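Trainee: Take a look at my_file.cif, mmCIF, C-alpha atoms:
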```
data_model
#
loop_
_atom_site.label_atom_id
_atom_site.label_comp_id
_atom_site.auth_asym_id
_atom_site.auth_seq_id
_atom_site.Cartn_x
_atom_site.Cartn_y
_atom_site.Cartn_z
CA MET A 1206 124.22 78.71 99.92
CA ALA A 1207 123.51 81.71 102.16
CA GLU A 1208 119.87 82.56 102.67
CA LYS A 1209 118.65 85.92 101.42
CA GLU A 1210 118.26 88.66 104.02
CA VAL A 1211 114.64 89.78 104.41
CA ILE A 1212 114.36 93.49 105.12
CA LEU A 1213 111.27 94.50 107.08
CA THR A 1214 109.81 97.49 108.83
CA ALA A 1215 108.69 96.95 112.43
CA ALA A 1216 105.06 96.81 111.23
CA GLY A 1217 105.98 94.24 108.56
CA LEU A 1218 107.74 92.07 111.15
CA GLN A 1219 104.70 92.17 113.42
CA LYS A 1220 102.37 91.28 110.54
CA LEU A 1221 104.47 88.23 109.59
CA GLU A 1222 104.73 87.09 113.22
CA GLU A 1223 100.93 87.37 113.62
CA GLU A 1224 100.33 85.41 110.41
CA LEU A 1225 102.71 82.68 111.58
CA GLU A 1226 100.99 82.46 114.97
CA GLN A 1227 97.55 82.28 113.28
CA LEU A 1228 98.71 79.48 110.98
CA LYS A 1229 100.31 77.46 113.77
CA THR A 1230 97.54 77.78 116.32
CA VAL A 1231 94.25 78.25 114.47
CA LYS A 1232 94.62 77.11 110.86
CA ARG A 1233 96.53 73.90 111.68
CA ARG A 1234 93.82 72.89 114.13
CA GLN A 1235 91.02 73.71 111.67
CA VAL A 1236 92.53 71.70 108.84
CA ALA A 1237 93.25 68.78 111.16
CA GLU A 1238 89.56 68.75 112.11
CA ARG A 1239 88.58 68.83 108.43
CA ILE A 1240 90.88 65.88 107.69
CA LYS A 1241 89.49 63.94 110.65
CA GLU A 1242 85.93 64.63 109.48
CA ALA A 1243 86.74 63.68 105.88
CA ILE A 1244 88.31 60.39 107.03
CA SER A 1245 85.06 59.55 108.79
CA PHE A 1246 83.28 59.63 105.41
CA GLY A 1247 85.14 56.45 104.45
CA ASP A 1248 86.87 55.49 101.16
CA LEU A 1249 89.73 57.99 100.86
CA SER A 1250 90.43 57.20 97.20
CA GLU A 1251 87.26 59.01 96.07
CA ASN A 1252 86.94 61.50 98.92
CA SER A 1253 87.22 65.06 97.58
CA GLU A 1254 86.84 66.61 101.05
CA TYR A 1255 89.87 64.63 102.20
CA GLU A 1256 91.91 65.68 99.14
CA GLU A 1257 91.01 69.36 99.62
CA ALA A 1258 91.87 69.26 103.32
CA LYS A 1259 95.21 67.53 102.62
CA ASN A 1260 96.03 70.13 99.95
CA GLU A 1261 95.17 72.95 102.36
CA GLN A 1262 97.32 71.31 105.02
CA ALA A 1263 100.26 71.16 102.59
CA PHE A 1264 99.77 74.83 101.72
CA ILE A 1265 99.63 75.85 105.40
CA GLU A 1266 102.74 73.84 106.28
CA GLY A 1267 104.60 75.32 103.30
CA ARG A 1268 103.61 78.85 104.32
CA ILE A 1269 104.73 78.18 107.92
CA ILE A 1270 108.15 77.03 106.66
CA THR A 1271 108.41 80.12 104.42
CA LEU A 1272 107.47 82.51 107.23
CA GLU A 1273 109.87 80.88 109.69
CA LYS A 1274 112.68 81.17 107.14
CA MET A 1275 111.82 84.83 106.47
CA LEU A 1276 111.73 85.66 110.18
CA ARG A 1277 115.01 83.83 110.77
CA ASN A 1278 116.67 85.98 108.10
CA ALA A 1279 114.87 89.21 108.94
CA ARG A 1280 116.55 92.52 109.46
CA VAL A 1281 114.26 95.19 110.86
CA ILE A 1282 114.79 98.74 109.69
CA THR A 1283 114.33 101.15 112.59
CA GLY A 1284 113.54 104.84 112.51
CA GLU A 1285 117.00 105.68 113.85
CA GLU A 1286 118.59 104.12 110.76
CA LEU A 1287 116.56 106.22 108.37
CA ASP A 1288 117.63 109.54 106.94
CA THR A 1289 115.02 111.93 105.58
CA GLY A 1290 117.65 113.25 103.18
CA ILE A 1291 117.66 110.15 100.96
CA VAL A 1292 115.14 107.50 100.01
CA SER A 1293 115.67 104.15 101.73
CA ILE A 1294 113.64 101.17 102.87
CA GLY A 1295 111.12 102.50 105.38
CA SER A 1296 110.87 105.92 103.72
CA THR A 1297 107.60 107.36 102.54
CA VAL A 1298 108.20 109.26 99.32
CA ARG A 1299 105.91 111.80 97.68
CA VAL A 1300 106.63 112.05 93.96
CA LYS A 1301 105.23 113.91 90.99
CA ASP A 1302 104.69 112.14 87.68
CA LEU A 1303 106.13 114.73 85.30
CA GLU A 1304 104.20 113.50 82.26
CA PHE A 1305 100.73 113.57 83.84
CA ASN A 1306 101.44 116.21 86.51
CA GLU A 1307 100.05 113.87 89.21
CA GLU A 1308 101.36 113.46 92.74
CA MET A 1309 101.48 110.12 94.51
CA GLU A 1310 103.01 108.68 97.63
CA PHE A 1311 104.88 105.41 98.04
CA LYS A 1312 106.19 103.66 101.13
CA ILE A 1313 109.38 101.78 100.27
CA VAL A 1314 109.39 98.38 101.99
CA GLY A 1315 111.17 95.05 101.67
CA SER A 1316 109.74 92.62 99.13
CA ALA A 1317 108.15 90.50 101.88
CA GLU A 1318 105.74 93.24 102.86
CA SER A 1319 105.04 94.98 99.56
CA ASP A 1320 101.38 95.73 98.85
CA PRO A 1321 100.84 97.89 95.77
CA MET A 1322 97.15 98.36 96.65
CA GLN A 1323 98.29 100.24 99.77
CA ASN A 1324 101.12 102.03 97.91
CA LYS A 1325 103.73 99.90 99.69
CA ILE A 1326 106.28 99.12 97.01
CA SER A 1327 109.24 96.81 97.18
CA ASN A 1328 112.77 98.10 97.18
CA GLU A 1329 113.31 95.53 94.41
CA SER A 1330 110.51 96.85 92.15
CA PRO A 1331 111.39 99.11 89.22
CA VAL A 1332 110.04 102.20 91.03
CA GLY A 1333 111.65 101.21 94.34
CA LEU A 1334 115.02 100.58 92.69
CA ALA A 1335 114.87 103.92 90.91
CA LEU A 1336 113.99 105.87 94.08
CA ILE A 1337 116.41 104.23 96.56
CA GLY A 1338 119.37 106.46 97.32
CA LYS A 1339 117.91 109.57 95.68
CA SER A 1340 117.22 112.87 97.45
CA LYS A 1341 114.44 115.46 97.47
CA GLY A 1342 114.35 117.40 94.21
CA SER A 1343 115.90 114.57 92.20
CA THR A 1344 114.32 113.44 88.96
CA VAL A 1345 114.30 109.71 88.32
CA ASP A 1346 113.47 107.70 85.23
CA VAL A 1347 111.73 104.40 85.85
CA ASN A 1348 111.65 101.69 83.22
CA VAL A 1349 108.21 100.10 83.34
CA PRO A 1350 106.52 97.73 80.87
CA ALA A 1351 104.70 100.67 79.23
CA GLY A 1352 107.93 102.62 78.71
CA VAL A 1353 109.73 105.16 80.88
CA VAL A 1354 108.04 107.12 83.66
CA ARG A 1355 109.75 110.22 85.01
CA TYR A 1356 109.21 111.24 88.65
CA GLU A 1357 110.38 114.21 90.65
CA ILE A 1358 110.90 113.52 94.36
CA LEU A 1359 108.94 116.15 96.29
CA GLU A 1360 109.25 114.88 99.87
CA ILE A 1361 110.88 112.11 101.88
CA LYS A 1362 109.35 111.20 105.26
CA VAL A 1363 110.19 108.66 107.93
CA ASP A 1364 107.31 107.20 109.91
#
```
Re-express the file's structure as structure tokens.
Mentor:
Amino acid sequence: MAEKEVILTAAGLQKLEEELEQLKTVKRRQVAERIKEAISFGDLSENSEYEEAKNEQAFIEGRIITLEKMLRNARVITGEELDTGIVSIGSTVRVKDLEFNEEMEFKIVGSAESDPMQNKISNESPVGLALIGKSKGSTVDVNVPAGVVRYEILEIKVD
């Protein structure tokens, strides 16, 4: 089965590479030290420090495998590929909520780097899916759990 392509911005690629490096160099060493220390306490069958350290080690190794797979299948969206005429991954979109007359801004990113707290939304999210491919002045309806939200696209920028 073919692995899924991971679409990233240049900043998203750098963030994932930094996280991978941190896990491989710093976190692995730290958890290995914790395991070594926990082993020195003796009887491993009732050693909660050992169990916690082993669980953390498993999590770190799993995250390393995930990141390596994502980076192997990454496609970086560059500024040259982006068109300010239509919304695409890498675009920053200013929209107006037509029901509440509120403006907001979203950066459309690949799912691997989405962060709703920083208004970075995935191209696979309901809002991202609705905005992709649309142009300035378009009105889009977004199906969300609370119903339908209607946005007007006011501006499309490329960073």
Trainee: Nearest residue to Ser1319 in chain A out of A:Val1363, A:Ile1294, A:Leu1249, A:Leu1276, using all atoms listed in the file?
Mentor: A:Ile1294
Trainee: Which residue out of A:Phe1311, A:Phe1305, A:Phe1246, A:Tyr1255 has the minimum interatomic distance to Glu1360 in chain A when all atoms listed in the file are used?
Mentor: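 Result for the nearest residue to Glu1360 in chain A: A:Phe1311.
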Trainee: What is the CA of Val1314 in chain A to CA of Ala1263 in chain A distance in Å?
Mentor: 28.7 Å
Trainee: Here is a test: counting all atoms listed in the file, which residue of A:Lys1274, A:Val1347, A:Ala1335, A:Ser1340 is nearest to Glu1210 in chain A?
Mentor: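 So, comparing all the options, the nearest one is A:Lys1274.
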Trainee: Using only C-alpha atoms, which of the listed residues (A:Gly1267, A:Gly1352, A:Gly1247, A:Gly1217) sits closest to Ile1313 in chain A?
Mentor: A:Gly1217
Trainee: For the file shown, what are the residues hit by the PyMOL selection byres ((chain A and resi 1290) around 8), laid out as a PyMOL selection string?
Mentor: chain A and resi 1288-1289+1291-1292+1340-1341+1361
Trainee: Quick one: of A:Val1300, A:Ile1240, A:Ala1317, A:Leu1336, who's nearest to Ser1253 in chain A, counting only C-alpha atoms?
Mentor: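 Closest residue, counting only C-alpha atoms: A:Ile1240.
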Trainee: Under the rule that only C-alpha atoms are counted, which of A:Glu1273, A:Glu1307, A:Asp1320, A:Glu1223 is the nearest residue to Val1211 in chain A?
Mentor: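 Nearest candidate to Val1211 in chain A out of A:Glu1273, A:Glu1307, A:Asp1320, A:Glu1223: A:Glu1273.
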Trainee: Using Å and a single decimal, report how far CA of Leu1213 in chain A sits from CA of Thr1271 in chain A.
Mentor: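 Separating CA of Thr1271 in chain A from CA of Leu1213 in chain A is a distance of 14.9 Å.
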Trainee: To one decimal place, how far is CA of Arg1280 in chain A from CA of Lys1362 in chain A in Å?
Mentor: 20.5 Å
Trainee: Quick one: which residues end up in the PyMOL selection byres ((chain A and resi 1301-1304) around 12) for this structure, as JSON, numbers by chain?
Mentor: {"A": [1298, 1299, 1300, 1305, 1306, 1307, 1308, 1309, 1310, 1311, 1332, 1341, 1342, 1343, 1344, 1345, 1346, 1347, 1353, 1354, 1355, 1356, 1357, 1358, 1359, 1360]}
Trainee: Can range 1313-1328 of chain A be brought up to N, CA, C and O atoms and written out as a compact mmCIF listing (two decimals), in the coordinates of the input?
Mentor:
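Full text of selection.txt as output:
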```
# COMPACT_ATOMS: atom_id res chain seq x y z
N ILE A 1313 108.41 102.75 100.76
CA ILE A 1313 109.38 101.78 100.27
C ILE A 1313 109.58 100.73 101.36
O ILE A 1313 109.94 101.05 102.49
N VAL A 1314 109.30 99.48 101.03
CA VAL A 1314 109.39 98.38 101.99
C VAL A 1314 110.18 97.23 101.36
O VAL A 1314 110.43 97.23 100.17
N GLY A 1315 110.54 96.26 102.18
CA GLY A 1315 111.17 95.05 101.67
C GLY A 1315 110.16 94.25 100.87
O GLY A 1315 108.95 94.41 101.02
N SER A 1316 110.63 93.38 100.02
CA SER A 1316 109.74 92.62 99.13
C SER A 1316 108.73 91.78 99.89
O SER A 1316 107.63 91.54 99.40
N ALA A 1317 109.06 91.35 101.11
CA ALA A 1317 108.15 90.50 101.88
C ALA A 1317 106.89 91.22 102.32
O ALA A 1317 105.88 90.58 102.59
N GLU A 1318 106.92 92.54 102.40
CA GLU A 1318 105.74 93.24 102.86
C GLU A 1318 105.17 94.21 101.83
O GLU A 1318 104.32 95.05 102.15
N SER A 1319 105.58 94.09 100.58
CA SER A 1319 105.04 94.98 99.56
C SER A 1319 103.55 94.72 99.35
O SER A 1319 103.06 93.60 99.48
N ASP A 1320 102.82 95.79 99.08
CA ASP A 1320 101.38 95.73 98.85
C ASP A 1320 101.01 96.93 97.98
O ASP A 1320 100.69 98.01 98.50
N PRO A 1321 101.10 96.77 96.67
CA PRO A 1321 100.84 97.89 95.77
C PRO A 1321 99.47 98.55 95.97
O PRO A 1321 99.32 99.74 95.75
N MET A 1322 98.48 97.79 96.42
CA MET A 1322 97.15 98.36 96.65
C MET A 1322 97.17 99.38 97.79
O MET A 1322 96.30 100.23 97.87
N GLN A 1323 98.15 99.29 98.68
CA GLN A 1323 98.29 100.24 99.77
C GLN A 1323 99.49 101.16 99.55
O GLN A 1323 99.99 101.77 100.48
N ASN A 1324 99.97 101.22 98.30
CA ASN A 1324 101.12 102.03 97.91
C ASN A 1324 102.39 101.67 98.67
O ASN A 1324 103.26 102.50 98.87
N LYS A 1325 102.50 100.41 99.10
CA LYS A 1325 103.73 99.90 99.69
C LYS A 1325 104.46 99.15 98.59
O LYS A 1325 104.01 98.10 98.16
N ILE A 1326 105.57 99.74 98.14
CA ILE A 1326 106.28 99.12 97.01
C ILE A 1326 107.62 98.58 97.47
O ILE A 1326 108.26 99.11 98.36
N SER A 1327 108.00 97.50 96.84
CA SER A 1327 109.24 96.81 97.18
C SER A 1327 110.45 97.61 96.75
O SER A 1327 110.45 98.27 95.71
N ASN A 1328 111.49 97.50 97.55
CA ASN A 1328 112.77 98.10 97.18
C ASN A 1328 113.35 97.43 95.94
O ASN A 1328 114.25 97.97 95.30
```
